[in-house]
file entry_27.pdb (PDB, C-alpha atoms)
ATOM      1  CA  MET A   1      84.292  72.003  75.297  1.00  0.00           C
ATOM      2  CA  ILE A   2      86.650  70.894  72.513  1.00  0.00           C
ATOM      3  CA  HIS A   3      88.086  73.514  70.143  1.00  0.00           C
ATOM      4  CA  LYS A   4      89.825  72.687  66.866  1.00  0.00           C
ATOM      5  CA  ILE A   5      92.981  74.404  65.610  1.00  0.00           C
ATOM      6  CA  HIS A   6      94.877  73.534  62.429  1.00  0.00           C
ATOM      7  CA  ILE A   7      98.597  74.055  62.764  1.00  0.00           C
ATOM      8  CA  ASN A   8     101.741  73.838  60.640  1.00  0.00           C
ATOM      9  CA  ASN A   9     103.817  70.668  60.787  1.00  0.00           C
ATOM     10  CA  ASP A  10     106.827  72.137  62.634  1.00  0.00           C
ATOM     11  CA  GLN A  11     104.655  73.711  65.335  1.00  0.00           C
ATOM     12  CA  PHE A  12     102.607  70.517  65.661  1.00  0.00           C
ATOM     13  CA  SER A  13     105.819  68.553  66.286  1.00  0.00           C
ATOM     14  CA  ARG A  14     106.886  70.996  68.984  1.00  0.00           C
ATOM     15  CA  ILE A  15     103.541  70.682  70.749  1.00  0.00           C
ATOM     16  CA  LYS A  16     103.706  66.906  70.483  1.00  0.00           C
ATOM     17  CA  ASN A  17     107.214  66.734  71.983  1.00  0.00           C
ATOM     18  CA  GLY A  18     106.234  69.147  74.763  1.00  0.00           C
ATOM     19  CA  THR A  19     108.532  72.066  73.958  1.00  0.00           C
ATOM     20  CA  LYS A  20     105.810  74.384  72.621  1.00  0.00           C
ATOM     21  CA  THR A  21     103.342  75.157  75.395  1.00  0.00           C
ATOM     22  CA  VAL A  22     102.020  78.532  74.189  1.00  0.00           C
ATOM     23  CA  GLU A  23      99.848  78.915  71.104  1.00  0.00           C
ATOM     24  CA  LYS A  24      99.654  82.515  69.878  1.00  0.00           C
ATOM     25  CA  ARG A  25      96.482  83.659  68.111  1.00  0.00           C
ATOM     26  CA  LEU A  26      94.335  86.635  67.227  1.00  0.00           C
ATOM     27  CA  ASN A  27      91.779  87.098  70.010  1.00  0.00           C
ATOM     28  CA  ASP A  28      88.833  87.104  67.610  1.00  0.00           C
ATOM     29  CA  GLU A  29      85.299  85.924  68.384  1.00  0.00           C
ATOM     30  CA  LYS A  30      86.305  82.273  67.985  1.00  0.00           C
ATOM     31  CA  ARG A  31      89.208  82.523  70.476  1.00  0.00           C
ATOM     32  CA  GLN A  32      87.116  84.536  72.915  1.00  0.00           C
ATOM     33  CA  GLN A  33      85.117  81.345  73.478  1.00  0.00           C
ATOM     34  CA  LEU A  34      88.178  79.582  74.963  1.00  0.00           C
ATOM     35  CA  LYS A  35      88.156  78.811  78.673  1.00  0.00           C
ATOM     36  CA  VAL A  36      90.713  77.357  81.060  1.00  0.00           C
ATOM     37  CA  LYS A  37      90.276  73.552  81.248  1.00  0.00           C
ATOM     38  CA  ASP A  38      88.748  73.378  77.749  1.00  0.00           C
ATOM     39  CA  LEU A  39      90.360  70.939  75.335  1.00  0.00           C
ATOM     40  CA  VAL A  40      92.015  71.869  72.050  1.00  0.00           C
ATOM     41  CA  GLU A  41      92.400  69.363  69.257  1.00  0.00           C
ATOM     42  CA  PHE A  42      95.377  70.385  67.127  1.00  0.00           C
ATOM     43  CA  THR A  43      95.441  68.995  63.592  1.00  0.00           C
ATOM     44  CA  ASN A  44      98.673  68.835  61.592  1.00  0.00           C
ATOM     45  CA  ARG A  45      98.000  70.595  58.254  1.00  0.00           C
ATOM     46  CA  ILE A  46     100.388  68.239  56.429  1.00  0.00           C
ATOM     47  CA  THR A  47      99.761  64.803  57.936  1.00  0.00           C
ATOM     48  CA  GLY A  48      96.249  65.199  59.341  1.00  0.00           C
ATOM     49  CA  GLU A  49      97.481  63.815  62.678  1.00  0.00           C
ATOM     50  CA  ASN A  50      95.647  65.063  65.780  1.00  0.00           C
ATOM     51  CA  ILE A  51      96.803  65.733  69.308  1.00  0.00           C
ATOM     52  CA  THR A  52      94.703  66.924  72.230  1.00  0.00           C
ATOM     53  CA  ALA A  53      95.791  69.447  74.829  1.00  0.00           C
ATOM     54  CA  GLN A  54      94.096  71.090  77.764  1.00  0.00           C
ATOM     55  CA  ILE A  55      94.108  74.854  78.222  1.00  0.00           C
ATOM     56  CA  VAL A  56      95.855  75.620  81.510  1.00  0.00           C
ATOM     57  CA  ASN A  57      95.849  79.413  81.187  1.00  0.00           C
ATOM     58  CA  LEU A  58      94.854  82.256  78.869  1.00  0.00           C
ATOM     59  CA  TYR A  59      96.507  85.666  78.629  1.00  0.00           C
ATOM     60  CA  GLU A  60      95.182  88.561  76.554  1.00  0.00           C
ATOM     61  CA  TYR A  61      97.473  91.266  75.156  1.00  0.00           C
ATOM     62  CA  PRO A  62      96.955  94.300  72.940  1.00  0.00           C
ATOM     63  CA  SER A  63      99.672  93.100  70.531  1.00  0.00           C
ATOM     64  CA  PHE A  64     102.043  90.258  69.741  1.00  0.00           C
ATOM     65  CA  GLU A  65     104.861  92.584  70.776  1.00  0.00           C
ATOM     66  CA  GLU A  66     103.456  92.623  74.320  1.00  0.00           C
ATOM     67  CA  LEU A  67     102.778  88.878  74.296  1.00  0.00           C
ATOM     68  CA  TYR A  68     106.385  88.129  73.304  1.00  0.00           C
ATOM     69  CA  LYS A  69     107.658  90.012  76.366  1.00  0.00           C
ATOM     70  CA  HIS A  70     105.985  87.486  78.690  1.00  0.00           C
ATOM     71  CA  PHE A  71     107.046  84.100  77.286  1.00  0.00           C
ATOM     72  CA  ASP A  72     110.329  82.462  76.380  1.00  0.00           C
ATOM     73  CA  LYS A  73     110.878  81.642  72.728  1.00  0.00           C
ATOM     74  CA  ILE A  74     111.022  77.856  73.192  1.00  0.00           C
ATOM     75  CA  SER A  75     107.565  77.764  74.801  1.00  0.00           C
ATOM     76  CA  MET A  76     106.245  79.851  71.877  1.00  0.00           C
ATOM     77  CA  GLY A  77     107.488  77.357  69.286  1.00  0.00           C
ATOM     78  CA  TYR A  78     110.895  78.684  68.297  1.00  0.00           C
ATOM     79  CA  ASP A  79     114.170  76.770  68.271  1.00  0.00           C
ATOM     80  CA  LYS A  80     117.008  77.800  70.579  1.00  0.00           C
ATOM     81  CA  GLU A  81     118.987  79.358  67.711  1.00  0.00           C
ATOM     82  CA  ASP A  82     115.971  81.238  66.258  1.00  0.00           C
ATOM     83  CA  ASP A  83     115.371  84.940  66.690  1.00  0.00           C
ATOM     84  CA  ALA A  84     111.920  85.275  68.237  1.00  0.00           C
ATOM     85  CA  ASP A  85     110.351  88.352  66.667  1.00  0.00           C
ATOM     86  CA  SER A  86     106.734  89.350  67.216  1.00  0.00           C
ATOM     87  CA  LYS A  87     106.663  90.639  63.629  1.00  0.00           C
ATOM     88  CA  ASP A  88     106.701  86.962  62.552  1.00  0.00           C
ATOM     89  CA  MET A  89     102.995  86.843  63.417  1.00  0.00           C
ATOM     90  CA  GLU A  90     102.070  89.777  61.157  1.00  0.00           C
ATOM     91  CA  GLN A  91     102.106  87.506  58.106  1.00  0.00           C
ATOM     92  CA  TYR A  92      99.057  85.661  59.462  1.00  0.00           C
ATOM     93  CA  TYR A  93      96.784  88.555  60.458  1.00  0.00           C
ATOM     94  CA  LEU A  94      95.602  91.874  59.092  1.00  0.00           C
ATOM     95  CA  LYS A  95      96.776  94.957  60.966  1.00  0.00           C
ATOM     96  CA  GLU A  96      93.155  96.102  61.326  1.00  0.00           C
ATOM     97  CA  ASP A  97      92.196  92.801  62.984  1.00  0.00           C
ATOM     98  CA  LEU A  98      95.132  92.989  65.386  1.00  0.00           C
ATOM     99  CA  GLU A  99      94.076  96.487  66.407  1.00  0.00           C
ATOM    100  CA  LYS A 100      90.428  95.445  66.772  1.00  0.00           C
ATOM    101  CA  TYR A 101      90.823  92.186  68.691  1.00  0.00           C
ATOM    102  CA  GLY A 102      94.265  92.093  70.271  1.00  0.00           C
ATOM    103  CA  VAL A 103      95.930  88.721  70.756  1.00  0.00           C
ATOM    104  CA  ILE A 104      95.801  85.766  73.104  1.00  0.00           C
ATOM    105  CA  ALA A 105      98.394  83.381  74.501  1.00  0.00           C
ATOM    106  CA  ILE A 106      96.848  79.945  74.959  1.00  0.00           C
ATOM    107  CA  VAL A 107      98.930  78.010  77.491  1.00  0.00           C
ATOM    108  CA  ILE A 108      98.449  74.289  76.907  1.00  0.00           C
ATOM    109  CA  GLU A 109      99.418  70.911  78.272  1.00  0.00           C
ATOM    110  CA  VAL A 110      99.254  67.854  76.024  1.00  0.00           C
ATOM    111  CA  ILE A 111      97.012  65.109  77.335  1.00  0.00           C
ATOM    112  CA  LYS A 112      98.955  61.874  77.448  1.00  0.00           C
ATOM    113  CA  ASP A 113      97.218  58.650  76.524  1.00  0.00           C
ATOM    114  CA  LYS A 114      96.618  56.326  79.437  1.00  0.00           C
ATOM    115  CA  GLU A 115      98.654  53.176  79.011  1.00  0.00           C
TER     116      GLU A 115
END
call {"tool": "encode", "arguments": {"input": "entry_27.pdb", "output": "structure tokens"}}
result
Amino acid sequence: MIHKIHINNDQFSRIKNGTKTVEKRLNDEKRQQLKVKDLVEFTNRITGENITAQIVNLYEYPSFEELYKHFDKISMGYDKEDDADSKDMEQYYLKEDLEKYGVIAIVIEVIKDKE
């Protein structure tokens, strides 16, 4: 199955260059359909460019705070000099939804074009 996720330009670039390998999302009904080995087509919100990755693992957590304890900040899309704070994710989701669904770490690997 192929899932589609729109993503900000900076995060898209980090996936494309291989530094971001963990996509963090609300574990709502849509994300609950994800399975290991499924494909995800990421679309850059600015440029419209697409990149395809395969899901290599999925981890569910009750909160972003718990998720952040299990992954390094580079793999989650931060720069080395950034402070990785789970509160960063609160701007994207309602507190009620976070409490209802929890969150998911989608571990991905970009599929390289065959040359």
call {"tool": "closest_residue", "arguments": {"input": "entry_27.pdb", "among": "A:Val103, A:Leu34, A:Ala84, A:Ile74", "to": "Gln54 of chain A", "atoms": "all atoms listed in the file"}}
result
A:Leu34
call {"tool": "resolve_selection", "arguments": {"input": "entry_27.pdb", "expression": "the PyMOL selection byres ((chain A and resi 1) around 8)", "output": "mmCIF file with C-alpha atoms, in the coordinates of the input"}}
result
data_model
loop_
_atom_site.group_PDB
_atom_site.id
_atom_site.type_symbol
_atom_site.label_atom_id
_atom_site.label_comp_id
_atom_site.auth_asym_id
_atom_site.auth_seq_id
_atom_site.Cartn_x
_atom_site.Cartn_y
_atom_site.Cartn_z
ATOM 1 C CA ILE A 2 86.650 70.894 72.513
ATOM 2 C CA HIS A 3 88.086 73.514 70.143
ATOM 3 C CA ASP A 38 88.748 73.378 77.749
ATOM 4 C CA LEU A 39 90.360 70.939 75.335
#
call {"tool": "closest_residue", "arguments": {"input": "entry_27.pdb", "among": "A:Lys100, A:Lys112, A:Lys87, A:Lys80", "to": "Glu29 of chain A", "atoms": "all atoms listed in the file"}}
result
A:Lys100
call {"tool": "atom_distance", "arguments": {"input": "entry_27.pdb", "atom1": "atom CA of Asn9 of chain A", "atom2": "atom CA of Asn50 of chain A"}}
result
11.1 Å
call {"tool": "closest_residue", "arguments": {"input": "entry_27.pdb", "among": "A:Glu60, A:Glu49, A:Asp28, A:Glu81", "to": "Ile7 of chain A", "atoms": "all atoms listed in the file"}}
result
A:Glu49
call {"tool": "closest_residue", "arguments": {"input": "entry_27.pdb", "among": "A:Gln11, A:Thr52, A:Gln32, A:Asn27", "to": "Ile108 of chain A", "atoms": "only C-alpha atoms"}}
result
A:Thr52
call {"tool": "closest_residue", "arguments": {"input": "entry_27.pdb", "among": "A:Glu65, A:Glu96, A:Ile5, A:Leu26", "to": "Val40 of chain A", "atoms": "only C-alpha atoms"}}
result
A:Ile5
call {"tool": "closest_residue", "arguments": {"input": "entry_27.pdb", "among": "A:Lys24, A:His6, A:Tyr78, A:Ile51", "to": "Tyr93 of chain A", "atoms": "all atoms listed in the file"}}
result
A:Lys24
call {"tool": "axis_aligned_box", "arguments": {"input": "entry_27.pdb", "around": "segment 12-16 of chain A", "padding_each_side": "6 Å", "output": "AutoDock Vina command-line options"}}
result
--center_x 104.7 --center_y 69.0 --center_z 68.2 --size_x 16.3 --size_y 16.1 --size_z 17.1
call {"tool": "residues_near_point", "arguments": {"input": "entry_27.pdb", "point": "(106.2, 65.1, 68.0)", "cutoff": "12 Å", "atoms": "all atoms listed in the file", "output": "ChimeraX atom specification"}}
result
/A:9-20,44,47,49-51,110
call {"tool": "atom_distance", "arguments": {"input": "entry_27.pdb", "atom1": "atom CA of Lys4 of chain A", "atom2": "atom CA of Gly102 of chain A"}}
result
20.2 Å
call {"tool": "atom_distance", "arguments": {"input": "entry_27.pdb", "atom1": "atom CA of Val36 of chain A", "atom2": "atom CA of Glu90 of chain A"}}
result
26.1 Å
call {"tool": "decode", "arguments": {"input": "entry_27.pdb", "residues": "segment 55-75 of chain A", "atoms": "C-alpha atoms", "output": "tab-separated table (two decimals), in the first residue's frame"}}
result
chain	number	residue	atom	x	y	z
A	55	ILE	CA	8.29	1.90	6.38
A	56	VAL	CA	10.86	-0.22	8.21
A	57	ASN	CA	9.32	0.02	11.68
A	58	LEU	CA	6.45	1.60	13.61
A	59	TYR	CA	6.45	2.54	17.29
A	60	GLU	CA	3.39	3.74	19.20
A	61	TYR	CA	3.68	6.01	22.25
A	62	PRO	CA	1.17	7.71	24.54
A	63	SER	CA	2.81	11.11	23.94
A	64	PHE	CA	5.48	12.93	21.95
A	65	GLU	CA	7.38	13.29	25.22
A	66	GLU	CA	7.74	9.50	25.36
A	67	LEU	CA	8.55	9.24	21.66
A	68	TYR	CA	11.37	11.79	22.00
A	69	LYS	CA	13.04	9.64	24.66
A	70	HIS	CA	13.60	6.83	22.14
A	71	PHE	CA	15.12	8.60	19.12
A	72	ASP	CA	18.04	10.93	18.54
A	73	LYS	CA	17.22	14.43	17.37
A	74	ILE	CA	18.94	14.12	13.97
A	75	SER	CA	16.82	11.10	13.00
